[in-house]
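Shown below: input-v8.txt, with compact mmCIF, C-alpha atoms.
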# COMPACT_ATOMS: atom_id res chain seq x y z
CA MET X 1 129.62 84.86 98.25
CA PRO X 2 133.27 85.41 97.24
CA ASP X 3 132.23 86.26 93.66
CA MET X 4 129.92 89.04 94.88
CA LYS X 5 132.67 90.52 97.08
CA ASN X 6 135.15 90.48 94.20
CA ASN X 7 132.63 92.16 91.90
CA ILE X 8 131.86 94.87 94.45
CA LEU X 9 135.55 95.41 95.13
CA SER X 10 136.26 95.63 91.37
CA VAL X 11 133.48 98.20 90.87
CA GLY X 12 134.76 100.23 93.84
CA VAL X 13 138.32 100.22 92.51
CA LEU X 14 137.16 101.23 89.01
CA PHE X 15 135.03 104.05 90.46
CA VAL X 16 137.93 105.44 92.48
CA LEU X 17 140.36 105.14 89.56
CA SER X 18 137.84 106.91 87.30
CA SER X 19 137.47 109.69 89.86
CA VAL X 20 141.24 110.10 90.08
CA ALA X 21 141.52 110.21 86.29
CA LEU X 22 138.87 112.93 86.14
CA ALA X 23 140.55 114.99 88.84
CA VAL X 24 144.04 114.64 87.37
CA ASP X 25 143.23 115.30 83.73
CA ALA X 26 140.03 117.32 83.93
CA GLY X 27 141.29 119.85 81.40
CA ALA X 28 141.70 117.31 78.65
CA MET X 29 138.29 115.78 79.29
CA ASP X 30 136.38 119.06 79.61
CA GLY X 31 138.08 120.85 76.77
CA GLU X 32 139.10 123.95 78.68
CA PRO X 33 141.05 126.95 77.44
CA VAL X 34 144.62 127.36 78.65
CA LEU X 35 145.93 130.92 78.32
CA ARG X 36 149.66 131.59 78.07
CA VAL X 37 151.42 134.90 77.65
CA ALA X 38 153.51 134.14 74.58
CA SER X 39 155.24 137.51 74.25
CA VAL X 40 155.73 140.48 76.58
CA PRO X 41 158.63 142.92 76.74
CA GLY X 42 161.16 142.20 79.45
CA ALA X 43 161.13 145.88 80.43
CA VAL X 44 158.94 148.88 79.65
CA ASP X 45 160.12 152.49 79.96
CA ILE X 46 157.74 155.24 81.03
CA GLU X 47 158.44 158.84 81.97
CA PRO X 48 156.85 160.41 85.04
CA PHE X 49 153.33 161.62 84.13
CA GLY X 50 153.78 159.95 80.74
CA GLU X 51 152.23 157.09 78.83
CA THR X 52 153.73 154.12 77.03
CA ALA X 53 152.35 151.44 74.72
CA PHE X 54 153.59 147.90 74.09
CA ASP X 55 152.29 144.61 72.71
CA VAL X 56 151.40 141.46 74.65
CA THR X 57 150.67 138.25 72.75
CA LEU X 58 148.30 135.82 74.41
CA ALA X 59 147.98 132.21 73.19
CA ASN X 60 145.20 129.72 73.89
CA THR X 61 146.97 126.36 74.08
CA GLY X 62 143.87 124.59 75.38
CA THR X 63 141.18 122.65 73.57
CA ARG X 64 138.26 125.11 73.76
CA TRP X 65 137.75 128.69 72.56
CA VAL X 66 137.54 131.60 74.99
CA ASP X 67 136.85 135.33 75.02
CA ALA X 68 140.01 136.61 76.69
CA ASN X 69 141.41 139.85 78.01
CA LEU X 70 144.48 140.77 80.04
CA TRP X 71 144.89 141.16 83.81
CA PHE X 72 147.67 143.21 85.35
CA ARG X 73 149.41 143.50 88.72
CA LEU X 74 151.07 146.91 88.60
CA PRO X 75 153.12 149.01 91.02
CA ASP X 76 151.55 152.01 92.73
CA GLY X 77 151.23 154.98 90.43
CA ILE X 78 150.92 152.96 87.22
CA GLU X 79 147.48 152.52 85.69
CA VAL X 80 146.07 150.83 82.59
CA VAL X 81 144.73 153.32 80.07
CA ASP X 82 143.93 150.63 77.48
CA GLY X 83 144.31 146.89 78.10
CA GLY X 84 143.69 145.91 74.49
CA GLY X 85 140.06 144.84 75.00
CA THR X 86 138.54 141.38 74.87
CA LYS X 87 139.38 139.11 71.95
CA PHE X 88 138.01 135.79 70.74
CA LEU X 89 140.76 133.16 71.01
CA ASP X 90 140.02 129.90 69.28
CA PHE X 91 141.90 126.88 70.58
CA ARG X 92 145.51 126.70 69.41
CA LYS X 93 145.38 130.38 68.30
CA SER X 94 146.89 133.60 69.61
CA ALA X 95 146.13 137.31 69.55
CA THR X 96 148.19 140.44 70.15
CA TYR X 97 146.91 143.10 72.55
CA THR X 98 148.28 146.65 72.40
CA VAL X 99 148.49 147.86 76.00
CA LYS X 100 148.78 151.48 77.09
CA LEU X 101 149.98 152.34 80.60
CA LYS X 102 150.17 155.70 82.34
CA ALA X 103 152.34 156.94 85.20
CA ASN X 104 150.08 159.09 87.38
CA SER X 105 151.02 161.67 90.02
CA SER X 106 151.75 159.02 92.69
CA ALA X 107 154.32 157.18 90.50
CA ARG X 108 157.87 157.45 91.82
CA GLN X 109 160.99 157.16 89.72
CA GLY X 110 162.56 153.73 89.93
CA THR X 111 162.47 150.16 88.67
CA TYR X 112 159.48 147.97 89.52
CA THR X 113 158.22 144.46 88.84
CA ALA X 114 154.82 144.07 87.20
CA GLU X 115 152.83 141.03 86.06
CA VAL X 116 150.45 140.28 83.20
CA SER X 117 148.13 137.35 82.64
CA GLY X 118 145.39 136.22 80.33
CA ASN X 119 141.86 136.09 81.71
CA GLY X 120 138.96 134.06 80.36
CA ARG X 121 136.03 132.10 81.74
CA ASP X 122 137.07 128.67 83.10
CA ALA X 123 140.59 129.15 81.73
CA LYS X 124 143.89 128.13 83.24
CA PHE X 125 146.43 130.95 83.09
CA ASN X 126 149.97 131.98 84.08
CA TRP X 127 151.31 135.25 85.46
CA TYR X 128 154.35 136.60 83.58
CA THR X 129 156.68 139.20 85.00
CA PHE X 130 158.13 142.22 83.30
CA THR X 131 159.92 145.34 84.52
CA ILE X 132 158.53 148.86 84.53
CA ARG X 133 161.12 151.62 84.73
CA ILE X 134 159.77 155.02 85.58
CA GLY X 135 162.27 157.57 84.29
CA GLY X 136 164.66 154.77 83.19
CA GLN X 137 165.71 152.92 80.06
CA ALA X 138 163.96 149.77 78.87
CA GLU X 139 166.05 146.69 78.27
CA SER X 140 165.33 143.94 75.81
CA THR X 141 165.04 140.89 78.08
CA ALA X 142 162.78 137.87 77.94
CA SER X 143 160.19 137.30 80.63
CA LYS X 144 159.42 133.99 82.32
CA PRO X 145 156.34 132.56 83.99
CA VAL X 146 156.33 133.05 87.73
CA SER X 147 153.34 130.97 88.73
CA GLN X 148 150.36 129.14 87.39
CA THR X 149 146.92 129.53 88.86
CA THR X 150 144.17 127.17 87.85
CA ALA X 151 140.67 128.43 87.28
CA ARG X 152 138.26 125.62 86.54
CA ALA X 153 134.71 124.69 87.40
CA PRO X 154 134.28 123.33 90.92
CA GLY X 155 133.35 119.71 91.50
CA TYR X 156 136.38 117.57 90.65
CA ASP X 157 137.69 117.49 94.22
CA THR X 158 134.18 116.67 95.45
CA LEU X 159 133.90 113.84 92.93
CA LEU X 160 137.24 112.46 94.08
CA ALA X 161 136.20 112.67 97.74
CA ILE X 162 132.88 110.92 97.05
CA GLY X 163 134.65 108.19 95.05
CA GLY X 164 137.20 107.64 97.81
CA ALA X 165 134.53 107.58 100.54
CA GLY X 166 132.41 105.12 98.54
CA PHE X 167 135.35 102.81 98.06
CA ALA X 168 136.24 102.99 101.77
CA ALA X 169 132.65 102.09 102.74
CA ILE X 170 132.62 99.10 100.38
CA ALA X 171 136.02 97.88 101.64
CA LEU X 172 134.87 98.24 105.26
CA ARG X 173 131.74 96.16 104.62
CA LEU X 174 133.76 93.50 102.79
CA GLY X 175 136.29 93.37 105.61
CA ARG X 176 133.55 92.80 108.21
CA GLY X 177 131.87 90.13 106.05
CA ASP X 178 128.56 92.05 105.62

For the structure just supplied, provide its representation as structure tokens.
Amino acid sequence: MPDMKNNILSVGVLFVLSSVALAVDAGAMDGEPVLRVASVPGAVDIEPFGETAFDVTLANTGTRWVDANLWFRLPDGIEVVDGGGTKFLDFRKSATYTVKLKANSSARQGTYTAEVSGNGRDAKFNWYTFTIRIGGQAESTASKPVSQTTARAPGYDTLLAIGGAGFAAIALRLGRGD
């Protein structure tokens, strides 16, 4: 029965390799959107109790369209008056959002770090930092990505675990001569 064992082993290896390929490159196979902040001011100036507006450009570098809006992580006392709404982003396209922020009564004068990100269903996205100066002067500096968080449909890790467990069971049976 050596031919049968080799065939089973070959199928097991192919199944595991296929599972790994799916888990590693799921975005390319599923056609998911990938949102990147393409442009955001390095610093934004706002006066106490005042409002400020600025543009954020969001690009979809993925392979599927998405309805996208912006998410913010802001310091205490700063609130979003208008986040620019939700926009249709076809793959390989970008859109500019005009954002309006307000410094409310709990905002304290100083320099703070804030973050902005794109948000869309099943989309990968990055957080980008920028500076908010309350009662200060804005500088023209470029922002950089600080982290990438993946948002994708569940199931790839499960598929990989099932593939690995199936291969281990086949190898165990072959090793025992069953």

**OP:** Name the residues, using the chain letters and numbers of the file, that sit within 6 Å of (151.7, 151.3, 75.2) when counting all atoms listed in the file, and give them as number ranges by chain.
**Re:** X: 52-54, 99-101

Go ahead and dump the residues you just picked, C-alpha atoms, as a compact mmCIF listing (two decimals), keeping the file's coordinate frame.
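Output file out21.txt is given in full below:
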# COMPACT_ATOMS: atom_id res chain seq x y z
CA THR X 52 153.73 154.12 77.03
CA ALA X 53 152.35 151.44 74.72
CA PHE X 54 153.59 147.90 74.09
CA VAL X 99 148.49 147.86 76.00
CA LYS X 100 148.78 151.48 77.09
CA LEU X 101 149.98 152.34 80.60

Assuming 5 Å of padding per side, give the centre and edge lengths of the axis-aligned box around every listed atom of segment 74-85 of chain X, in Å to one decimal and as lines of an AutoDock Vina configuration file.
center_x = 146.6
center_y = 149.9
center_z = 83.6
size_x = 23.1
size_y = 20.1
size_z = 28.2

Original post:
What is the distance, in Å and to one decimal place, between atom CA of Pro41 of chain X and atom CA of Asn119 of chain X?
Top reply: 18.8 Å

**OP:** Can you work out which one of X:Phe125, X:Phe49, X:Phe88, X:Tyr97 has the shortest atom-to-atom distance to Thr61 of chain X, counting all atoms listed in the file?
**Re:** X:Phe125

Original post:
Pick the closest to Ile78 of chain X from X:Thr57, X:Thr113, X:Thr98, X:Thr63: which is it, counting all atoms listed in the file?
Top reply: X:Thr113

Atoms added to segment 31-58 of chain X (N, CA and C atoms), reported as a PDB file, keeping the file's coordinate frame:
ATOM      1  N   GLY X  31     137.788 119.962  77.869  1.00  0.00           N
ATOM      2  CA  GLY X  31     138.080 120.850  76.770  1.00  0.00           C
ATOM      3  C   GLY X  31     138.126 122.287  77.245  1.00  0.00           C
ATOM      4  N   GLU X  32     139.035 122.598  78.141  1.00  0.00           N
ATOM      5  CA  GLU X  32     139.100 123.950  78.680  1.00  0.00           C
ATOM      6  C   GLU X  32     140.174 124.762  77.981  1.00  0.00           C
ATOM      7  N   PRO X  33     140.008 126.093  77.980  1.00  0.00           N
ATOM      8  CA  PRO X  33     141.050 126.950  77.440  1.00  0.00           C
ATOM      9  C   PRO X  33     142.227 127.046  78.412  1.00  0.00           C
ATOM     10  N   VAL X  34     143.411 127.164  77.865  1.00  0.00           N
ATOM     11  CA  VAL X  34     144.620 127.360  78.650  1.00  0.00           C
ATOM     12  C   VAL X  34     145.325 128.572  78.063  1.00  0.00           C
ATOM     13  N   LEU X  35     145.367 129.664  78.818  1.00  0.00           N
ATOM     14  CA  LEU X  35     145.930 130.920  78.320  1.00  0.00           C
ATOM     15  C   LEU X  35     147.372 131.076  78.754  1.00  0.00           C
ATOM     16  N   ARG X  36     148.235 131.385  77.811  1.00  0.00           N
ATOM     17  CA  ARG X  36     149.660 131.590  78.070  1.00  0.00           C
ATOM     18  C   ARG X  36     150.083 132.909  77.440  1.00  0.00           C
ATOM     19  N   VAL X  37     150.826 133.693  78.212  1.00  0.00           N
ATOM     20  CA  VAL X  37     151.420 134.900  77.650  1.00  0.00           C
ATOM     21  C   VAL X  37     152.596 134.437  76.800  1.00  0.00           C
ATOM     22  N   ALA X  38     152.486 134.629  75.493  1.00  0.00           N
ATOM     23  CA  ALA X  38     153.510 134.140  74.580  1.00  0.00           C
ATOM     24  C   ALA X  38     154.607 135.182  74.338  1.00  0.00           C
ATOM     25  N   SER X  39     154.261 136.459  74.498  1.00  0.00           N
ATOM     26  CA  SER X  39     155.240 137.510  74.250  1.00  0.00           C
ATOM     27  C   SER X  39     154.885 138.739  75.071  1.00  0.00           C
ATOM     28  N   VAL X  40     155.853 139.239  75.808  1.00  0.00           N
ATOM     29  CA  VAL X  40     155.730 140.480  76.580  1.00  0.00           C
ATOM     30  C   VAL X  40     157.137 141.055  76.687  1.00  0.00           C
ATOM     31  N   PRO X  41     157.275 142.370  76.602  1.00  0.00           N
ATOM     32  CA  PRO X  41     158.630 142.920  76.740  1.00  0.00           C
ATOM     33  C   PRO X  41     159.205 142.607  78.109  1.00  0.00           C
ATOM     34  N   GLY X  42     160.507 142.430  78.168  1.00  0.00           N
ATOM     35  CA  GLY X  42     161.160 142.200  79.450  1.00  0.00           C
ATOM     36  C   GLY X  42     161.122 143.429  80.324  1.00  0.00           C
ATOM     37  N   ALA X  43     161.171 144.619  79.688  1.00  0.00           N
ATOM     38  CA  ALA X  43     161.130 145.880  80.430  1.00  0.00           C
ATOM     39  C   ALA X  43     160.401 146.932  79.597  1.00  0.00           C
ATOM     40  N   VAL X  44     159.697 147.801  80.290  1.00  0.00           N
ATOM     41  CA  VAL X  44     158.940 148.880  79.650  1.00  0.00           C
ATOM     42  C   VAL X  44     159.383 150.185  80.298  1.00  0.00           C
ATOM     43  N   ASP X  45     159.678 151.189  79.476  1.00  0.00           N
ATOM     44  CA  ASP X  45     160.120 152.490  79.960  1.00  0.00           C
ATOM     45  C   ASP X  45     158.960 153.468  79.908  1.00  0.00           C
ATOM     46  N   ILE X  46     158.784 154.217  80.997  1.00  0.00           N
ATOM     47  CA  ILE X  46     157.740 155.240  81.030  1.00  0.00           C
ATOM     48  C   ILE X  46     158.272 156.442  81.806  1.00  0.00           C
ATOM     49  N   GLU X  47     158.017 157.611  81.293  1.00  0.00           N
ATOM     50  CA  GLU X  47     158.440 158.840  81.970  1.00  0.00           C
ATOM     51  C   GLU X  47     157.403 159.244  83.004  1.00  0.00           C
ATOM     52  N   PRO X  48     157.818 159.931  84.068  1.00  0.00           N
ATOM     53  CA  PRO X  48     156.850 160.410  85.040  1.00  0.00           C
ATOM     54  C   PRO X  48     155.750 161.245  84.354  1.00  0.00           C
ATOM     55  N   PHE X  49     154.516 160.988  84.700  1.00  0.00           N
ATOM     56  CA  PHE X  49     153.330 161.620  84.130  1.00  0.00           C
ATOM     57  C   PHE X  49     153.135 161.291  82.648  1.00  0.00           C
ATOM     58  N   GLY X  50     153.871 160.312  82.145  1.00  0.00           N
ATOM     59  CA  GLY X  50     153.780 159.950  80.740  1.00  0.00           C
ATOM     60  C   GLY X  50     152.998 158.675  80.511  1.00  0.00           C
ATOM     61  N   GLU X  51     152.891 158.326  79.239  1.00  0.00           N
ATOM     62  CA  GLU X  51     152.230 157.090  78.830  1.00  0.00           C
ATOM     63  C   GLU X  51     153.177 156.290  77.954  1.00  0.00           C
ATOM     64  N   THR X  52     152.964 154.983  77.907  1.00  0.00           N
ATOM     65  CA  THR X  52     153.730 154.120  77.030  1.00  0.00           C
ATOM     66  C   THR X  52     152.822 153.019  76.500  1.00  0.00           C
ATOM     67  N   ALA X  53     153.133 152.526  75.318  1.00  0.00           N
ATOM     68  CA  ALA X  53     152.350 151.440  74.720  1.00  0.00           C
ATOM     69  C   ALA X  53     153.299 150.307  74.339  1.00  0.00           C
ATOM     70  N   PHE X  54     152.807 149.083  74.467  1.00  0.00           N
ATOM     71  CA  PHE X  54     153.590 147.900  74.090  1.00  0.00           C
ATOM     72  C   PHE X  54     152.614 146.771  73.775  1.00  0.00           C
ATOM     73  N   ASP X  55     153.121 145.744  73.115  1.00  0.00           N
ATOM     74  CA  ASP X  55     152.290 144.610  72.710  1.00  0.00           C
ATOM     75  C   ASP X  55     152.496 143.415  73.642  1.00  0.00           C
ATOM     76  N   VAL X  56     151.390 142.718  73.904  1.00  0.00           N
ATOM     77  CA  VAL X  56     151.400 141.460  74.650  1.00  0.00           C
ATOM     78  C   VAL X  56     150.672 140.444  73.782  1.00  0.00           C
ATOM     79  N   THR X  57     151.306 139.306  73.517  1.00  0.00           N
ATOM     80  CA  THR X  57     150.670 138.250  72.750  1.00  0.00           C
ATOM     81  C   THR X  57     150.202 137.162  73.699  1.00  0.00           C
ATOM     82  N   LEU X  58     148.927 136.823  73.570  1.00  0.00           N
ATOM     83  CA  LEU X  58     148.300 135.820  74.410  1.00  0.00           C
ATOM     84  C   LEU X  58     147.910 134.634  73.534  1.00  0.00           C
TER      85      LEU X  58
END
